[in-house]
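Have a look at coords_6.cif; it's mmCIF, N, CA and C atoms:
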data_data
loop_
_atom_site.group_PDB
_atom_site.id
_atom_site.type_symbol
_atom_site.label_atom_id
_atom_site.label_comp_id
_atom_site.auth_asym_id
_atom_site.auth_seq_id
_atom_site.Cartn_x
_atom_site.Cartn_y
_atom_site.Cartn_z
ATOM 1 N N MET A 1 -16.463 36.414 6.338
ATOM 2 C CA MET A 1 -16.543 34.998 6.061
ATOM 3 C C MET A 1 -16.099 34.187 7.282
ATOM 4 N N ILE A 2 -15.010 34.595 7.921
ATOM 5 C CA ILE A 2 -14.520 33.877 9.089
ATOM 6 C C ILE A 2 -15.512 34.006 10.238
ATOM 7 N N GLN A 3 -16.168 35.145 10.331
ATOM 8 C CA GLN A 3 -17.160 35.334 11.383
ATOM 9 C C GLN A 3 -18.318 34.347 11.225
ATOM 10 N N GLU A 4 -18.694 34.085 9.980
ATOM 11 C CA GLU A 4 -19.757 33.113 9.713
ATOM 12 C C GLU A 4 -19.324 31.715 10.130
ATOM 13 N N TRP A 5 -18.071 31.371 9.872
ATOM 14 C CA TRP A 5 -17.547 30.060 10.270
ATOM 15 C C TRP A 5 -17.548 29.910 11.782
ATOM 16 N N ARG A 6 -17.195 30.982 12.476
ATOM 17 C CA ARG A 6 -17.177 30.934 13.938
ATOM 18 C C ARG A 6 -18.592 30.744 14.498
ATOM 19 N N LYS A 7 -19.563 31.338 13.854
ATOM 20 C CA LYS A 7 -20.943 31.152 14.285
ATOM 21 C C LYS A 7 -21.400 29.711 14.073
ATOM 22 N N GLN A 8 -20.900 29.089 13.010
ATOM 23 C CA GLN A 8 -21.299 27.729 12.658
ATOM 24 C C GLN A 8 -20.304 26.681 13.171
ATOM 25 N N ARG A 9 -19.498 27.033 14.151
ATOM 26 C CA ARG A 9 -18.432 26.158 14.634
ATOM 27 C C ARG A 9 -18.939 24.766 15.023
ATOM 28 N N LYS A 10 -20.028 24.696 15.790
ATOM 29 C CA LYS A 10 -20.547 23.403 16.248
ATOM 30 C C LYS A 10 -20.991 22.539 15.069
ATOM 31 N N GLU A 11 -21.695 23.148 14.135
ATOM 32 C CA GLU A 11 -22.167 22.388 12.971
ATOM 33 C C GLU A 11 -21.001 21.912 12.107
ATOM 34 N N LEU A 12 -20.004 22.761 11.944
ATOM 35 C CA LEU A 12 -18.861 22.398 11.106
ATOM 36 C C LEU A 12 -18.029 21.286 11.726
ATOM 37 N N LYS A 13 -17.947 21.246 13.049
ATOM 38 C CA LYS A 13 -17.191 20.186 13.715
ATOM 39 C C LYS A 13 -17.867 18.830 13.549
ATOM 40 N N GLN A 14 -19.183 18.826 13.405
ATOM 41 C CA GLN A 14 -19.922 17.578 13.291
ATOM 42 C C GLN A 14 -19.877 16.991 11.876
ATOM 43 N N ILE A 15 -19.528 17.803 10.916
ATOM 44 C CA ILE A 15 -19.463 17.338 9.529
ATOM 45 C C ILE A 15 -18.240 16.464 9.352
ATOM 46 N N ARG A 16 -18.422 15.301 8.806
ATOM 47 C CA ARG A 16 -17.305 14.398 8.518
ATOM 48 C C ARG A 16 -16.766 14.721 7.140
ATOM 49 N N VAL A 17 -15.483 14.812 7.044
ATOM 50 C CA VAL A 17 -14.842 15.128 5.771
ATOM 51 C C VAL A 17 -14.743 13.855 4.954
ATOM 52 N N LYS A 18 -15.227 13.926 3.729
ATOM 53 C CA LYS A 18 -15.192 12.783 2.836
ATOM 54 C C LYS A 18 -13.940 12.872 1.974
ATOM 55 N N LYS A 19 -13.150 11.797 1.976
ATOM 56 C CA LYS A 19 -11.946 11.777 1.158
ATOM 57 C C LYS A 19 -12.340 11.493 -0.286
ATOM 58 N N THR A 20 -11.762 12.226 -1.194
ATOM 59 C CA THR A 20 -12.058 12.011 -2.599
ATOM 60 C C THR A 20 -10.935 11.227 -3.253
ATOM 61 N N LEU A 21 -11.286 10.425 -4.205
ATOM 62 C CA LEU A 21 -10.341 9.618 -4.969
ATOM 63 C C LEU A 21 -9.443 8.757 -4.089
ATOM 64 N N CYS A 22 -9.951 8.294 -2.979
ATOM 65 C CA CYS A 22 -9.167 7.457 -2.088
ATOM 66 C C CYS A 22 -9.984 6.218 -1.749
ATOM 67 N N SER A 23 -9.682 5.145 -2.394
ATOM 68 C CA SER A 23 -10.371 3.903 -2.110
ATOM 69 C C SER A 23 -9.484 3.053 -1.216
ATOM 70 N N CYS A 24 -9.922 2.839 -0.005
ATOM 71 C CA CYS A 24 -9.121 2.075 0.948
ATOM 72 C C CYS A 24 -9.234 0.574 0.712
ATOM 73 N N ALA A 25 -10.328 0.128 0.166
ATOM 74 C CA ALA A 25 -10.521 -1.294 -0.053
ATOM 75 C C ALA A 25 -9.839 -1.719 -1.361
ATOM 76 N N PRO A 26 -9.084 -2.811 -1.327
ATOM 77 C CA PRO A 26 -8.420 -3.271 -2.552
ATOM 78 C C PRO A 26 -9.411 -3.894 -3.531
ATOM 79 N N LYS A 27 -9.102 -3.784 -4.814
ATOM 80 C CA LYS A 27 -9.963 -4.382 -5.836
ATOM 81 C C LYS A 27 -9.829 -5.898 -5.842
ATOM 82 N N CYS A 28 -8.617 -6.382 -5.595
ATOM 83 C CA CYS A 28 -8.338 -7.817 -5.607
ATOM 84 C C CYS A 28 -7.747 -8.230 -4.259
ATOM 85 N N PRO A 29 -8.584 -8.460 -3.250
ATOM 86 C CA PRO A 29 -8.052 -8.777 -1.923
ATOM 87 C C PRO A 29 -7.275 -10.087 -1.874
ATOM 88 N N LYS A 30 -7.677 -11.050 -2.684
ATOM 89 C CA LYS A 30 -6.975 -12.338 -2.695
ATOM 90 C C LYS A 30 -5.560 -12.167 -3.252
ATOM 91 N N LEU A 31 -5.421 -11.368 -4.289
ATOM 92 C CA LEU A 31 -4.116 -11.085 -4.873
ATOM 93 C C LEU A 31 -3.214 -10.398 -3.852
ATOM 94 N N GLU A 32 -3.764 -9.408 -3.157
ATOM 95 C CA GLU A 32 -2.968 -8.669 -2.185
ATOM 96 C C GLU A 32 -2.547 -9.561 -1.019
ATOM 97 N N GLU A 33 -3.403 -10.506 -0.657
ATOM 98 C CA GLU A 33 -3.050 -11.436 0.418
ATOM 99 C C GLU A 33 -1.864 -12.312 -0.002
ATOM 100 N N TYR A 34 -1.886 -12.812 -1.249
ATOM 101 C CA TYR A 34 -0.783 -13.632 -1.756
ATOM 102 C C TYR A 34 0.517 -12.827 -1.821
ATOM 103 N N VAL A 35 0.421 -11.590 -2.299
ATOM 104 C CA VAL A 35 1.622 -10.750 -2.420
ATOM 105 C C VAL A 35 2.189 -10.431 -1.039
ATOM 106 N N LYS A 36 1.311 -10.139 -0.086
ATOM 107 C CA LYS A 36 1.777 -9.844 1.274
ATOM 108 C C LYS A 36 2.478 -11.056 1.878
ATOM 109 N N ASN A 37 1.899 -12.244 1.717
ATOM 110 C CA ASN A 37 2.537 -13.466 2.226
ATOM 111 C C ASN A 37 3.868 -13.722 1.536
ATOM 112 N N TRP A 38 3.947 -13.417 0.247
ATOM 113 C CA TRP A 38 5.190 -13.579 -0.503
ATOM 114 C C TRP A 38 6.275 -12.662 0.058
ATOM 115 N N ILE A 39 5.913 -11.423 0.354
ATOM 116 C CA ILE A 39 6.865 -10.462 0.916
ATOM 117 C C ILE A 39 7.346 -10.936 2.287
ATOM 118 N N ILE A 40 6.412 -11.383 3.120
ATOM 119 C CA ILE A 40 6.767 -11.838 4.467
ATOM 120 C C ILE A 40 7.699 -13.046 4.397
ATOM 121 N N ASP A 41 7.421 -13.987 3.494
ATOM 122 C CA ASP A 41 8.288 -15.168 3.338
ATOM 123 C C ASP A 41 9.691 -14.773 2.901
ATOM 124 N N HIS A 42 9.789 -13.856 1.953
ATOM 125 C CA HIS A 42 11.101 -13.410 1.489
ATOM 126 C C HIS A 42 11.869 -12.709 2.604
ATOM 127 N N ARG A 43 11.187 -11.905 3.375
ATOM 128 C CA ARG A 43 11.854 -11.195 4.471
ATOM 129 C C ARG A 43 12.314 -12.155 5.557
ATOM 130 N N LYS A 44 11.534 -13.220 5.815
ATOM 131 C CA LYS A 44 11.950 -14.227 6.795
ATOM 132 C C LYS A 44 13.234 -14.925 6.358
ATOM 133 N N ASN A 45 13.389 -15.092 5.043
ATOM 134 C CA ASN A 45 14.585 -15.742 4.502
ATOM 135 C C ASN A 45 15.752 -14.770 4.346
ATOM 136 N N GLY A 46 15.570 -13.512 4.725
ATOM 137 C CA GLY A 46 16.638 -12.524 4.653
ATOM 138 C C GLY A 46 16.822 -11.888 3.292
ATOM 139 N N ILE A 47 15.815 -12.001 2.439
ATOM 140 C CA ILE A 47 15.887 -11.423 1.093
ATOM 141 C C ILE A 47 15.193 -10.061 1.113
ATOM 142 N N ALA A 48 15.921 -9.024 0.714
ATOM 143 C CA ALA A 48 15.332 -7.687 0.642
ATOM 144 C C ALA A 48 14.384 -7.617 -0.546
ATOM 145 N N VAL A 49 13.226 -7.015 -0.349
ATOM 146 C CA VAL A 49 12.201 -6.932 -1.391
ATOM 147 C C VAL A 49 12.044 -5.475 -1.812
ATOM 148 N N SER A 50 12.161 -5.236 -3.108
ATOM 149 C CA SER A 50 11.998 -3.877 -3.638
ATOM 150 C C SER A 50 10.605 -3.717 -4.245
ATOM 151 N N THR A 51 10.262 -2.492 -4.576
ATOM 152 C CA THR A 51 8.955 -2.247 -5.189
ATOM 153 C C THR A 51 8.859 -2.889 -6.571
ATOM 154 N N LYS A 52 9.979 -2.928 -7.286
ATOM 155 C CA LYS A 52 9.965 -3.584 -8.604
ATOM 156 C C LYS A 52 9.688 -5.075 -8.469
ATOM 157 N N MET A 53 10.274 -5.687 -7.443
ATOM 158 C CA MET A 53 10.030 -7.114 -7.214
ATOM 159 C C MET A 53 8.563 -7.363 -6.865
ATOM 160 N N ILE A 54 7.973 -6.455 -6.090
ATOM 161 C CA ILE A 54 6.560 -6.591 -5.727
ATOM 162 C C ILE A 54 5.685 -6.497 -6.969
ATOM 163 N N LEU A 55 5.984 -5.543 -7.846
ATOM 164 C CA LEU A 55 5.196 -5.388 -9.067
ATOM 165 C C LEU A 55 5.328 -6.598 -9.981
ATOM 166 N N ILE A 56 6.529 -7.128 -10.114
ATOM 167 C CA ILE A 56 6.736 -8.300 -10.966
ATOM 168 C C ILE A 56 5.954 -9.494 -10.427
ATOM 169 N N GLU A 57 6.020 -9.697 -9.113
ATOM 170 C CA GLU A 57 5.293 -10.823 -8.510
ATOM 171 C C GLU A 57 3.782 -10.635 -8.636
ATOM 172 N N ALA A 58 3.309 -9.416 -8.441
ATOM 173 C CA ALA A 58 1.870 -9.152 -8.565
ATOM 174 C C ALA A 58 1.392 -9.393 -9.995
ATOM 175 N N ARG A 59 2.164 -8.960 -10.971
ATOM 176 C CA ARG A 59 1.781 -9.180 -12.378
ATOM 177 C C ARG A 59 1.794 -10.667 -12.728
ATOM 178 N N ARG A 60 2.766 -11.403 -12.175
ATOM 179 C CA ARG A 60 2.837 -12.840 -12.421
ATOM 180 C C ARG A 60 1.606 -13.534 -11.837
ATOM 181 N N LEU A 61 1.225 -13.126 -10.627
ATOM 182 C CA LEU A 61 0.057 -13.724 -9.991
ATOM 183 C C LEU A 61 -1.241 -13.383 -10.714
ATOM 184 N N THR A 62 -1.337 -12.175 -11.269
ATOM 185 C CA THR A 62 -2.552 -11.819 -12.010
ATOM 186 C C THR A 62 -2.705 -12.675 -13.255
ATOM 187 N N MET A 63 -1.589 -13.031 -13.864
ATOM 188 C CA MET A 63 -1.672 -13.912 -15.030
ATOM 189 C C MET A 63 -2.139 -15.302 -14.613
ATOM 190 N N GLU A 64 -1.651 -15.792 -13.481
ATOM 191 C CA GLU A 64 -2.065 -17.111 -12.996
ATOM 192 C C GLU A 64 -3.527 -17.122 -12.563
ATOM 193 N N MET A 65 -3.971 -16.005 -11.960
ATOM 194 C CA MET A 65 -5.335 -15.933 -11.444
ATOM 195 C C MET A 65 -6.331 -15.441 -12.493
ATOM 196 N N SER A 66 -5.867 -15.137 -13.688
ATOM 197 C CA SER A 66 -6.697 -14.649 -14.797
ATOM 198 C C SER A 66 -7.423 -13.347 -14.453
ATOM 199 N N ILE A 67 -6.706 -12.435 -13.823
ATOM 200 C CA ILE A 67 -7.255 -11.113 -13.510
ATOM 201 C C ILE A 67 -6.856 -10.185 -14.651
ATOM 202 N N THR A 68 -7.850 -9.575 -15.301
ATOM 203 C CA THR A 68 -7.560 -8.767 -16.488
ATOM 204 C C THR A 68 -7.540 -7.266 -16.213
ATOM 205 N N ASP A 69 -8.199 -6.819 -15.153
ATOM 206 C CA ASP A 69 -8.303 -5.374 -14.920
ATOM 207 C C ASP A 69 -7.253 -4.855 -13.928
ATOM 208 N N PHE A 70 -6.085 -5.477 -13.874
ATOM 209 C CA PHE A 70 -5.018 -5.062 -12.964
ATOM 210 C C PHE A 70 -3.932 -4.369 -13.771
ATOM 211 N N ALA A 71 -3.646 -3.102 -13.412
ATOM 212 C CA ALA A 71 -2.645 -2.334 -14.145
ATOM 213 C C ALA A 71 -1.238 -2.584 -13.610
ATOM 214 N N GLY A 72 -1.100 -2.738 -12.298
ATOM 215 C CA GLY A 72 0.207 -2.998 -11.712
ATOM 216 C C GLY A 72 1.151 -1.812 -11.825
ATOM 217 N N THR A 73 0.708 -0.645 -11.390
ATOM 218 C CA THR A 73 1.526 0.558 -11.482
ATOM 219 C C THR A 73 2.273 0.783 -10.169
ATOM 220 N N THR A 74 3.209 1.724 -10.191
ATOM 221 C CA THR A 74 3.941 2.054 -8.973
ATOM 222 C C THR A 74 3.011 2.686 -7.936
ATOM 223 N N LEU A 75 1.984 3.393 -8.389
ATOM 224 C CA LEU A 75 1.006 3.967 -7.467
ATOM 225 C C LEU A 75 0.255 2.862 -6.733
ATOM 226 N N TRP A 76 -0.118 1.797 -7.440
ATOM 227 C CA TRP A 76 -0.759 0.655 -6.786
ATOM 228 C C TRP A 76 0.171 0.079 -5.732
ATOM 229 N N CYS A 77 1.434 -0.045 -6.069
ATOM 230 C CA CYS A 77 2.416 -0.618 -5.147
ATOM 231 C C CYS A 77 2.541 0.242 -3.882
ATOM 232 N N GLU A 78 2.606 1.542 -4.046
ATOM 233 C CA GLU A 78 2.694 2.444 -2.891
ATOM 234 C C GLU A 78 1.460 2.321 -2.008
ATOM 235 N N ARG A 79 0.289 2.254 -2.620
ATOM 236 C CA ARG A 79 -0.947 2.114 -1.850
ATOM 237 C C ARG A 79 -1.027 0.748 -1.175
ATOM 238 N N PHE A 80 -0.566 -0.290 -1.868
ATOM 239 C CA PHE A 80 -0.543 -1.636 -1.290
ATOM 240 C C PHE A 80 0.340 -1.668 -0.049
ATOM 241 N N ILE A 81 1.506 -1.060 -0.143
ATOM 242 C CA ILE A 81 2.432 -1.019 0.991
ATOM 243 C C ILE A 81 1.801 -0.263 2.154
ATOM 244 N N ARG A 82 1.156 0.852 1.871
ATOM 245 C CA ARG A 82 0.517 1.660 2.920
ATOM 246 C C ARG A 82 -0.668 0.916 3.540
ATOM 247 N N ARG A 83 -1.497 0.253 2.697
ATOM 248 C CA ARG A 83 -2.664 -0.469 3.202
ATOM 249 C C ARG A 83 -2.283 -1.593 4.146
ATOM 250 N N ASN A 84 -1.175 -2.261 3.850
ATOM 251 C CA ASN A 84 -0.784 -3.434 4.619
ATOM 252 C C ASN A 84 0.244 -3.138 5.707
ATOM 253 N N GLY A 85 0.571 -1.885 5.906
ATOM 254 C CA GLY A 85 1.483 -1.508 6.975
ATOM 255 C C GLY A 85 2.904 -1.997 6.761
ATOM 256 N N LEU A 86 3.316 -2.076 5.508
ATOM 257 C CA LEU A 86 4.667 -2.526 5.188
ATOM 258 C C LEU A 86 5.572 -1.333 4.938
ATOM 259 N N CYS A 87 6.867 -1.577 4.832
ATOM 260 C CA CYS A 87 7.812 -0.536 4.470
ATOM 261 C C CYS A 87 8.906 -1.170 3.618
ATOM 262 N N VAL A 88 9.602 -0.347 2.866
ATOM 263 C CA VAL A 88 10.685 -0.823 2.019
ATOM 264 C C VAL A 88 11.989 -0.493 2.736
ATOM 265 N N CYS A 89 12.671 -1.526 3.215
ATOM 266 C CA CYS A 89 13.933 -1.351 3.948
ATOM 267 C C CYS A 89 15.080 -1.809 3.053
ATOM 268 N N THR A 90 16.109 -0.999 2.966
ATOM 269 C CA THR A 90 17.284 -1.361 2.181
ATOM 270 C C THR A 90 18.555 -1.062 2.971
ATOM 271 N N LYS A 91 19.634 -1.724 2.613
ATOM 272 C CA LYS A 91 20.915 -1.462 3.235
ATOM 273 C C LYS A 91 21.507 -0.187 2.636
ATOM 274 N N THR A 92 22.088 0.643 3.493
ATOM 275 C CA THR A 92 22.718 1.858 2.986
ATOM 276 C C THR A 92 24.220 1.679 2.825
ATOM 277 N N THR A 93 24.824 0.832 3.661
ATOM 278 C CA THR A 93 26.253 0.533 3.534
ATOM 279 C C THR A 93 26.458 -0.957 3.697
ATOM 280 N N ILE A 94 27.632 -1.420 3.351
ATOM 281 C CA ILE A 94 27.925 -2.853 3.430
ATOM 282 C C ILE A 94 28.006 -3.318 4.884
ATOM 283 N N ALA A 95 28.518 -2.488 5.778
ATOM 284 C CA ALA A 95 28.708 -2.883 7.169
ATOM 285 C C ALA A 95 27.417 -2.861 7.974
ATOM 286 N N GLN A 96 26.390 -2.222 7.475
ATOM 287 C CA GLN A 96 25.144 -2.107 8.230
ATOM 288 C C GLN A 96 24.334 -3.390 8.116
ATOM 289 N N LYS A 97 23.731 -3.819 9.224
ATOM 290 C CA LYS A 97 22.908 -5.025 9.249
ATOM 291 C C LYS A 97 21.441 -4.619 9.235
ATOM 292 N N LEU A 98 20.630 -5.415 8.523
ATOM 293 C CA LEU A 98 19.188 -5.171 8.478
ATOM 294 C C LEU A 98 18.560 -5.560 9.816
ATOM 295 N N PRO A 99 17.557 -4.814 10.289
ATOM 296 C CA PRO A 99 16.865 -5.197 11.515
ATOM 297 C C PRO A 99 16.052 -6.461 11.298
ATOM 298 N N ARG A 100 15.839 -7.222 12.355
ATOM 299 C CA ARG A 100 15.085 -8.483 12.228
ATOM 300 C C ARG A 100 13.634 -8.240 11.977
#
What would the structure in this file look like if it were written as structure tokens?
Amino acid sequence: MIQEWRKQRKELKQIRVKKTLCSCAPKCPKLEEYVKNWIIDHRKNGIAVSTKMILIEARRLTMEMSITDFAGTTLWCERFIRRNGLCVCTKTTIAQKLPR
């Protein structure tokens, strides 16, 4: 079997691997834009933002925007953070200062 793969090396390198069950595009881009701006504003004011806070704000915005097909799960939150290049930073001790 490995010998066959070695013979087909050039063809196999040209094949693009298709990711399954991975949708990079958000279903509600306008919602995600509002949530991202909300996170950035809170961070500018020195307020630490947790994943629970993100979910609460996203659910509140979906009610205002009349979006019915939004589940607002922790998996959505993790993907949202990854899509937008954000991270969750928290203080580990009282003496430690958050980076700007």
Could you build a table of the residues in range 41-90 of chain A lying no more than 9 Å from range 32-35 of chain A, giving for each the nearest pair of atoms and their separation in Å rounded to one decimal place, using only C-alpha atoms, ordered by chain and ascending residue number, as a Markdown table?
| residue | atom | partner | partner_atom | distance |
| --- | --- | --- | --- | --- |
| A:Ile54 | CA | A:Val35 | CA | 7.3 |
| A:Glu57 | CA | A:Val35 | CA | 7.1 |
| A:Ala58 | CA | A:Val35 | CA | 6.4 |
| A:Leu61 | CA | A:Tyr34 | CA | 8.3 |
| A:Phe80 | CA | A:Glu32 | CA | 7.5 |
| A:Asn84 | CA | A:Glu32 | CA | 8.9 |
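Here CA of Ile56 in chain A and atom C of Leu75 in chain A stand 13.6 Å from one another.
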> At what distance in Å, to one decimal, does atom N of Asn45 in chain A lie from atom N of Cys87 in chain A?
Replying inline: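 Separation of atom N of Cys87 in chain A and atom N of Asn45 in chain A: 15.0 Å.
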> Do you know which residues are at most 7 Å from Val49 in chain A counting only N, CA and C atoms, after dropping those on the same chain fewer than 6 positions away, and could you put them as an MDAnalysis selection string?
Replying inline: chainID A and resid 39 42:43 88:89
> Suppose you want the space between atom N of Leu31 in chain A and CA of Met65 in chain A; what is it in Å?
Replying inline: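 So the answer is 8.5 Å.
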>> Need the shell around Gly85 in chain A: protein/DNA/RNA residues with any atom at most 12 Å away, counting only C-alpha atoms. Skip same-chain ones fewer than 5 positions apart. Format as a PyMOL selection string?
In response: chain A and resi 36+40+78-80
